[in-house]
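Comments concern the structure below.
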Amino acid sequence: MSKGVLLVNLGSPDSTDPKDVKRYLDEFLMDERVIDVPYWARTLLVRGIILNTRPKKSAEAYQKIWWEEGSPLMVLSERLQAKVDELTSVPIALAMRYGKPSIKSGLQELQDKGVDEVLVFPLYPQFAMATTETILVLAEELRKKHFPKMEFTSVPAFYNHADYIRVLANSIGERLEGVDYEHLLFSYHGVPERHIRKSDITRSHCKMDDKCCQTPSAAHQFCYRHQCFETTRLVAEYLGLEKDKYSVSFQSRLGFDPWLKPYTDRTIERLGLEGTKKLAIVTPAFVSDCLETLEEIAMEGKEIFEEVGGKEFTVVPCLNDRDEWVKVLARWIDEWAMQPVASPEE
Ligand SMILES: C=CC1=C(C)c2cc3[nH]c(cc4nc(cc5[nH]c(cc1n2)c(C)c5CCC(=O)O)C(CCC(=O)O)=C4C)c(C)c3C=C
Ligand SMILES: [Fe+2]
Ligand SMILES: [Fe+2]
């Protein structure tokens, strides 16, 4: 058998034209693992309400962060893929869950290179129904339909992997060297609280409270909230941060349902009102900088902080294509590629 890797990230619109943004948001928000209500209700909500106003607003936000080469998330994912490809012995294809290049085209690219054993690699450190799970489910559907001879292995969430923690901690340490910050906020993308119950409770009994989610436990394999706290705890331990010098919050909520708390915008505001003048912020749920880090945090977050008297707002970039991260990914892939193929009787 011949091995290859499919790196999968979220995806971006083709351009900042509201029509392209609308097409992208339609695919994204009509995913039953993102807006997890019955099809008729999702259609009413997304196509009847959200898509009437959101594309224009989102397009304006994308215009503020768009690069000459395209969407930062896309460009940074392509750079990552090219660098990893250079270091590894097996072909590496890149795909996006929404938009282009699609997962189907990524699998086709690998098949054209003779690959029949694929490592599906969702580029998300923490497991969520709306990220890792939706990628794996779609990839499997496509495999059955279009690539029945392929075999898949997938990379599990690496939120507590020592290599990932080291790289993330080093990237924070590097950016904050010489920066005299008072508080470091770990801001993760939020999800509706309901998603945690659905994807975790039946499998590992998350109690959805801080005591439960802040206790390291192998049973929390599918609890996004727990995994966010665990990444934070391990990075803080690595960096030797004192308990009152950092905290966790969740950003980017959409709609009126309760999402994971505390919310990032309110936390930034509260910290400023309580007298914090120098705030640093890191966004470990994203491996590539994107709209949510470059606009929502670096622009909107900064504005909120300054409005309540904050003075210095330092944003730690995502891992992007930093060399230490590329080397870790290449090593994980090579370790998998060197494993012997399992024989049928094993
Ligand atoms: C950990 C990663 C992410 C989770 C979990 C997630 C959940 C989630 N997101 C929405 C709605 C939107 N997200 C949007 C942008 C966006 N989301 C992620 C990652 C996660 N989303 C990224 C990386 C991005 C940026 C993409 C880019 O092109 O840079 C958007 C679009 C922008 C906007 O209009 O705000 C929406 C909408 C929901 C409902 C959700 C639910 C679990
Ligand atoms: Fe939990
Ligand atoms: Fe999102």
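Chain labels A, B, ... are given in the sequence in which chains occur in the structure tokens; within each chain residues are numbered consecutively from 1, and ligands are likewise numbered from 1 in the order shown.
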Secondary structure check, strand (DSSP E) residues of segment 24-270 of chain A, as a ChimeraX atom specification: /A:92-96,117-122,151-154,183-189,246-251
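The list of residues with at least one atom within 7 Å of segment 236-249 of chain A, based on only C-alpha atoms and without residues fewer than 3 positions apart in the same chain, reads A:Ala169, A:Glu182, A:His183, A:Leu184, A:Leu185, A:Phe186, A:Ser187, A:Tyr188, A:Thr232, A:Arg233, A:Lys261, A:Pro262, A:Tyr263, A:Thr264.
Note that the spacing between atom CA of Ile50 of chain A and atom 20 (C, counted along the ligand's line) of ligand 1 amounts to 17.2 Å.
Relative to atom CA of Leu260 of chain A, atom 8 (C, counted along the ligand's line) of ligand 1 is found at 11.5 Å.
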Residue neighbourhood segment 57-73 of chain A, 12 Å, only C-alpha atoms, exclusion window fewer than 4 positions, as a PyMOL selection string: chain A and resi 8-25+50-53+77-80+95-96+99-100+123+286-300+318-321
Produce a file of the selected residues containing C-alpha atoms, as a PDB file, in the first residue's frame.
ATOM      1  CA  VAL A   8      -7.702  19.575   6.668  1.00  0.00           C
ATOM      2  CA  ASN A   9      -8.485  23.073   7.902  1.00  0.00           C
ATOM      3  CA  LEU A  10     -11.755  25.014   8.103  1.00  0.00           C
ATOM      4  CA  GLY A  11     -11.677  27.012   4.854  1.00  0.00           C
ATOM      5  CA  SER A  12     -12.485  30.580   3.805  1.00  0.00           C
ATOM      6  CA  PRO A  13     -14.603  32.281   1.151  1.00  0.00           C
ATOM      7  CA  ASP A  14     -13.073  32.561  -2.365  1.00  0.00           C
ATOM      8  CA  SER A  15     -12.977  36.348  -2.037  1.00  0.00           C
ATOM      9  CA  THR A  16     -14.348  39.163   0.098  1.00  0.00           C
ATOM     10  CA  ASP A  17     -17.249  39.678  -2.306  1.00  0.00           C
ATOM     11  CA  PRO A  18     -20.468  39.281  -0.252  1.00  0.00           C
ATOM     12  CA  LYS A  19     -21.707  36.730  -2.841  1.00  0.00           C
ATOM     13  CA  ASP A  20     -18.694  34.490  -2.208  1.00  0.00           C
ATOM     14  CA  VAL A  21     -19.012  35.002   1.542  1.00  0.00           C
ATOM     15  CA  LYS A  22     -22.697  34.033   1.331  1.00  0.00           C
ATOM     16  CA  ARG A  23     -21.885  30.812  -0.574  1.00  0.00           C
ATOM     17  CA  TYR A  24     -19.222  29.918   2.005  1.00  0.00           C
ATOM     18  CA  LEU A  25     -21.455  30.680   4.995  1.00  0.00           C
ATOM     19  CA  ILE A  50     -28.692  34.629   8.929  1.00  0.00           C
ATOM     20  CA  LEU A  51     -27.798  34.737   5.232  1.00  0.00           C
ATOM     21  CA  ASN A  52     -29.898  37.871   4.695  1.00  0.00           C
ATOM     22  CA  THR A  53     -27.612  40.066   6.776  1.00  0.00           C
ATOM     23  CA  SER A  77      -2.330  26.600   5.475  1.00  0.00           C
ATOM     24  CA  GLU A  78      -0.714  26.384   2.026  1.00  0.00           C
ATOM     25  CA  ARG A  79       2.620  27.529   3.443  1.00  0.00           C
ATOM     26  CA  LEU A  80       2.347  24.917   6.187  1.00  0.00           C
ATOM     27  CA  ALA A  95      -8.136  20.386   1.903  1.00  0.00           C
ATOM     28  CA  MET A  96     -10.732  22.620   3.513  1.00  0.00           C
ATOM     29  CA  GLY A  99     -14.937  25.947   0.219  1.00  0.00           C
ATOM     30  CA  LYS A 100     -11.885  25.054  -1.845  1.00  0.00           C
ATOM     31  CA  LEU A 123      -5.785  20.785  11.936  1.00  0.00           C
ATOM     32  CA  PHE A 286      -6.612  27.915  15.785  1.00  0.00           C
ATOM     33  CA  VAL A 287      -3.386  26.643  14.286  1.00  0.00           C
ATOM     34  CA  SER A 288      -3.512  29.315  11.547  1.00  0.00           C
ATOM     35  CA  ASP A 289      -4.299  32.989  11.913  1.00  0.00           C
ATOM     36  CA  CYS A 290      -7.689  33.780  10.430  1.00  0.00           C
ATOM     37  CA  LEU A 291     -10.613  36.146  10.625  1.00  0.00           C
ATOM     38  CA  GLU A 292     -11.244  35.176  14.244  1.00  0.00           C
ATOM     39  CA  THR A 293      -7.737  36.078  15.403  1.00  0.00           C
ATOM     40  CA  LEU A 294      -6.777  38.925  13.065  1.00  0.00           C
ATOM     41  CA  GLU A 295     -10.081  40.806  13.165  1.00  0.00           C
ATOM     42  CA  GLU A 296     -12.098  39.659  16.167  1.00  0.00           C
ATOM     43  CA  ILE A 297      -9.178  39.578  18.596  1.00  0.00           C
ATOM     44  CA  ALA A 298      -6.436  41.829  17.202  1.00  0.00           C
ATOM     45  CA  MET A 299      -8.835  44.589  16.073  1.00  0.00           C
ATOM     46  CA  GLU A 300     -12.152  44.302  17.945  1.00  0.00           C
ATOM     47  CA  CYS A 318      -0.961  31.250  15.863  1.00  0.00           C
ATOM     48  CA  LEU A 319       1.561  28.503  15.134  1.00  0.00           C
ATOM     49  CA  ASN A 320       1.103  29.076  11.381  1.00  0.00           C
ATOM     50  CA  ASP A 321       4.203  27.794   9.554  1.00  0.00           C
TER      51      ASP A 321
END
Minimum-distance residue to Tyr164 of chain A, chosen among A:Val191, A:Val328, A:Ala285, A:Leu87 (using only C-alpha atoms):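 For Tyr164 of chain A, the nearest of the given residues is A:Val328.
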Ligand 3 neighbours within 10 Å using only C-alpha atoms and all ligand atoms, as a ChimeraX atom specification: /A:10,28-29,34,130-131,189-191,251-254,291-292
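Using only C-alpha atoms, the shortest contact distance between Ser171 of chain A and any of A:Lys83, A:Arg143, A:Lys3, A:Arg322 is found at A:Arg322.
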Counting only C-alpha atoms, what are the residues of segment 151-247 of chain A within 12 Å of segment 136-140 of chain A, and for each of them which pair of atoms is the nearest and at what distance in Å, to one decimal? Sort the table by chain and rising number, as CSV.
residue,atom,partner,partner_atom,distance
A:Glu151,CA,A:Glu140,CA,9.6
A:Phe152,CA,A:Glu140,CA,8.1
A:Thr153,CA,A:Leu136,CA,9.8
A:Ser154,CA,A:Leu136,CA,7.7
A:Val155,CA,A:Leu136,CA,9.9
A:Pro156,CA,A:Leu136,CA,10.3
A:Ala157,CA,A:Leu136,CA,11.9
Quick one: write out the picked residues with C-alpha atoms as a short mmCIF file (atom, residue, chain, number, x, y, z; two decimals), in the first residue's frame?
data_model
loop_
_atom_site.label_atom_id
_atom_site.label_comp_id
_atom_site.auth_asym_id
_atom_site.auth_seq_id
_atom_site.Cartn_x
_atom_site.Cartn_y
_atom_site.Cartn_z
CA GLU A 151 -8.04 3.08 3.84
CA PHE A 152 -8.15 5.87 6.42
CA THR A 153 -6.43 6.51 9.72
CA SER A 154 -7.09 9.76 11.55
CA VAL A 155 -5.02 11.93 13.86
CA PRO A 156 -6.83 12.39 17.20
CA ALA A 157 -7.04 15.74 18.97
#
Shell around Ile35 of chain A at 12 Å using only C-alpha atoms, local window under 4 positions removed, as an MDAnalysis selection string: chainID A and resid 25:31 39:46 50 129:131 134 191:192 194:195 254:255 257
Atomic separation - atom CA of Gly4 of chain A relative to atom CA of Val120 of chain A, Å: 8.9 Å
Those of segment 16-64 of chain A in DSSP helix (DSSP H, G or I), formatted as an MDAnalysis selection string: chainID A and resid 18:29 39:64
For the residues selected in the previous step, produce a file with N, CA and C atoms as a CSV table (one decimal), in the first residue's frame.
chain,number,residue,atom,x,y,z
A,18,PRO,N,-19.4,39.9,-1.1
A,18,PRO,CA,-20.5,39.3,-0.3
A,18,PRO,C,-21.1,38.0,-0.9
A,19,LYS,N,-21.1,37.9,-2.2
A,19,LYS,CA,-21.7,36.7,-2.8
A,19,LYS,C,-20.9,35.5,-2.5
A,20,ASP,N,-19.6,35.6,-2.6
A,20,ASP,CA,-18.7,34.5,-2.2
A,20,ASP,C,-18.8,34.2,-0.7
A,21,VAL,N,-18.9,35.2,0.1
A,21,VAL,CA,-19.0,35.0,1.5
A,21,VAL,C,-20.3,34.3,1.8
A,22,LYS,N,-21.4,34.7,1.1
A,22,LYS,CA,-22.7,34.0,1.3
A,22,LYS,C,-22.6,32.5,1.0
A,23,ARG,N,-22.0,32.2,-0.2
A,23,ARG,CA,-21.9,30.8,-0.6
A,23,ARG,C,-21.1,30.0,0.5
A,24,TYR,N,-20.0,30.6,1.0
A,24,TYR,CA,-19.2,29.9,2.0
A,24,TYR,C,-20.0,29.7,3.3
A,25,LEU,N,-20.7,30.8,3.7
A,25,LEU,CA,-21.5,30.7,5.0
A,25,LEU,C,-22.6,29.7,4.9
A,26,ASP,N,-23.2,29.6,3.7
A,26,ASP,CA,-24.3,28.7,3.4
A,26,ASP,C,-23.8,27.2,3.6
A,27,GLU,N,-22.6,26.9,3.0
A,27,GLU,CA,-22.1,25.6,3.2
A,27,GLU,C,-21.7,25.3,4.7
A,28,PHE,N,-21.1,26.3,5.3
A,28,PHE,CA,-20.6,26.2,6.7
A,28,PHE,C,-21.8,26.0,7.7
A,29,LEU,N,-22.7,26.9,7.6
A,29,LEU,CA,-23.8,26.9,8.6
A,29,LEU,C,-24.9,25.9,8.3
A,39,TYR,N,-33.2,19.7,9.8
A,39,TYR,CA,-32.9,20.3,8.6
A,39,TYR,C,-33.9,21.5,8.3
A,40,TRP,N,-35.2,21.3,8.6
A,40,TRP,CA,-36.1,22.4,8.3
A,40,TRP,C,-35.9,23.6,9.1
A,41,ALA,N,-35.5,23.4,10.4
A,41,ALA,CA,-35.2,24.6,11.3
A,41,ALA,C,-33.9,25.2,10.9
A,42,ARG,N,-32.9,24.4,10.5
A,42,ARG,CA,-31.6,25.0,10.1
A,42,ARG,C,-31.8,25.8,8.8
A,43,THR,N,-32.6,25.3,7.9
A,43,THR,CA,-32.8,26.0,6.6
A,43,THR,C,-33.5,27.4,6.9
A,44,LEU,N,-34.5,27.3,7.8
A,44,LEU,CA,-35.2,28.5,8.1
A,44,LEU,C,-34.3,29.6,8.8
A,45,LEU,N,-33.5,29.1,9.7
A,45,LEU,CA,-32.6,29.9,10.5
A,45,LEU,C,-31.5,30.5,9.6
A,46,VAL,N,-30.8,29.6,8.8
A,46,VAL,CA,-29.7,30.0,8.0
A,46,VAL,C,-30.1,30.7,6.8
A,47,ARG,N,-30.9,30.1,5.9
A,47,ARG,CA,-31.3,30.7,4.6
A,47,ARG,C,-32.4,31.8,4.8
A,48,GLY,N,-33.2,31.6,5.8
A,48,GLY,CA,-34.3,32.6,6.0
A,48,GLY,C,-33.9,33.8,6.8
A,49,ILE,N,-32.9,33.6,7.7
A,49,ILE,CA,-32.5,34.8,8.6
A,49,ILE,C,-31.0,35.2,8.4
A,50,ILE,N,-30.1,34.2,8.8
A,50,ILE,CA,-28.7,34.6,8.9
A,50,ILE,C,-28.1,35.1,7.6
A,51,LEU,N,-28.4,34.4,6.5
A,51,LEU,CA,-27.8,34.7,5.2
A,51,LEU,C,-28.4,36.0,4.6
A,52,ASN,N,-29.4,36.6,5.2
A,52,ASN,CA,-29.9,37.9,4.7
A,52,ASN,C,-29.0,39.0,5.1
A,53,THR,N,-28.4,38.9,6.3
A,53,THR,CA,-27.6,40.1,6.8
A,53,THR,C,-26.1,39.8,7.0
A,54,ARG,N,-25.8,38.5,7.4
A,54,ARG,CA,-24.5,38.2,7.9
A,54,ARG,C,-23.4,38.3,6.8
A,55,PRO,N,-23.7,37.9,5.5
A,55,PRO,CA,-22.6,38.0,4.5
A,55,PRO,C,-22.0,39.4,4.3
A,56,LYS,N,-22.9,40.4,4.4
A,56,LYS,CA,-22.4,41.7,4.1
A,56,LYS,C,-21.4,42.1,5.3
A,57,LYS,N,-21.9,41.8,6.5
A,57,LYS,CA,-21.1,42.2,7.7
A,57,LYS,C,-19.8,41.4,7.7
A,58,SER,N,-19.9,40.1,7.4
A,58,SER,CA,-18.7,39.2,7.4
A,58,SER,C,-17.7,39.7,6.3
A,59,ALA,N,-18.3,40.0,5.1
A,59,ALA,CA,-17.4,40.5,4.0
A,59,ALA,C,-16.6,41.7,4.4
A,60,GLU,N,-17.3,42.6,5.1
A,60,GLU,CA,-16.5,43.8,5.6
A,60,GLU,C,-15.4,43.4,6.5
A,61,ALA,N,-15.7,42.4,7.4
A,61,ALA,CA,-14.6,42.0,8.3
A,61,ALA,C,-13.5,41.3,7.5
A,62,TYR,N,-13.8,40.5,6.6
A,62,TYR,CA,-12.8,39.8,5.8
A,62,TYR,C,-12.0,40.9,5.0
A,63,GLN,N,-12.6,41.9,4.5
A,63,GLN,CA,-11.9,43.0,3.8
A,63,GLN,C,-10.8,43.6,4.6
A,64,LYS,N,-11.0,43.7,5.9
A,64,LYS,CA,-10.0,44.3,6.8
A,64,LYS,C,-8.7,43.4,7.0
Residue with smallest distance to ligand 2 - pool A:Met150, A:Leu76, A:Ile196, A:Val315, counting only C-alpha atoms and all ligand atoms: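 Once distances to ligand 2 are computed over only C-alpha atoms and all ligand atoms, the minimum belongs to A:Ile196.
If only C-alpha atoms and all ligand atoms are the atoms counted, then among A:Pro258, A:Gly114, A:Gly309, A:Gly178 the closest residue to ligand 1 is A:Pro258.
Among the candidates A:Leu271, A:Asp209, A:Asp334, A:Val75, the one nearest to ligand 2 when counting only C-alpha atoms and all ligand atoms is A:Asp209.
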Top pick for closest residue to Phe229 of chain A, considering A:Glu141, A:Tyr159, A:Ile268, A:Leu110 and counting only C-alpha atoms: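 Of A:Glu141, A:Tyr159, A:Ile268, A:Leu110, the one nearest Phe229 of chain A, counting only C-alpha atoms, is A:Tyr159.
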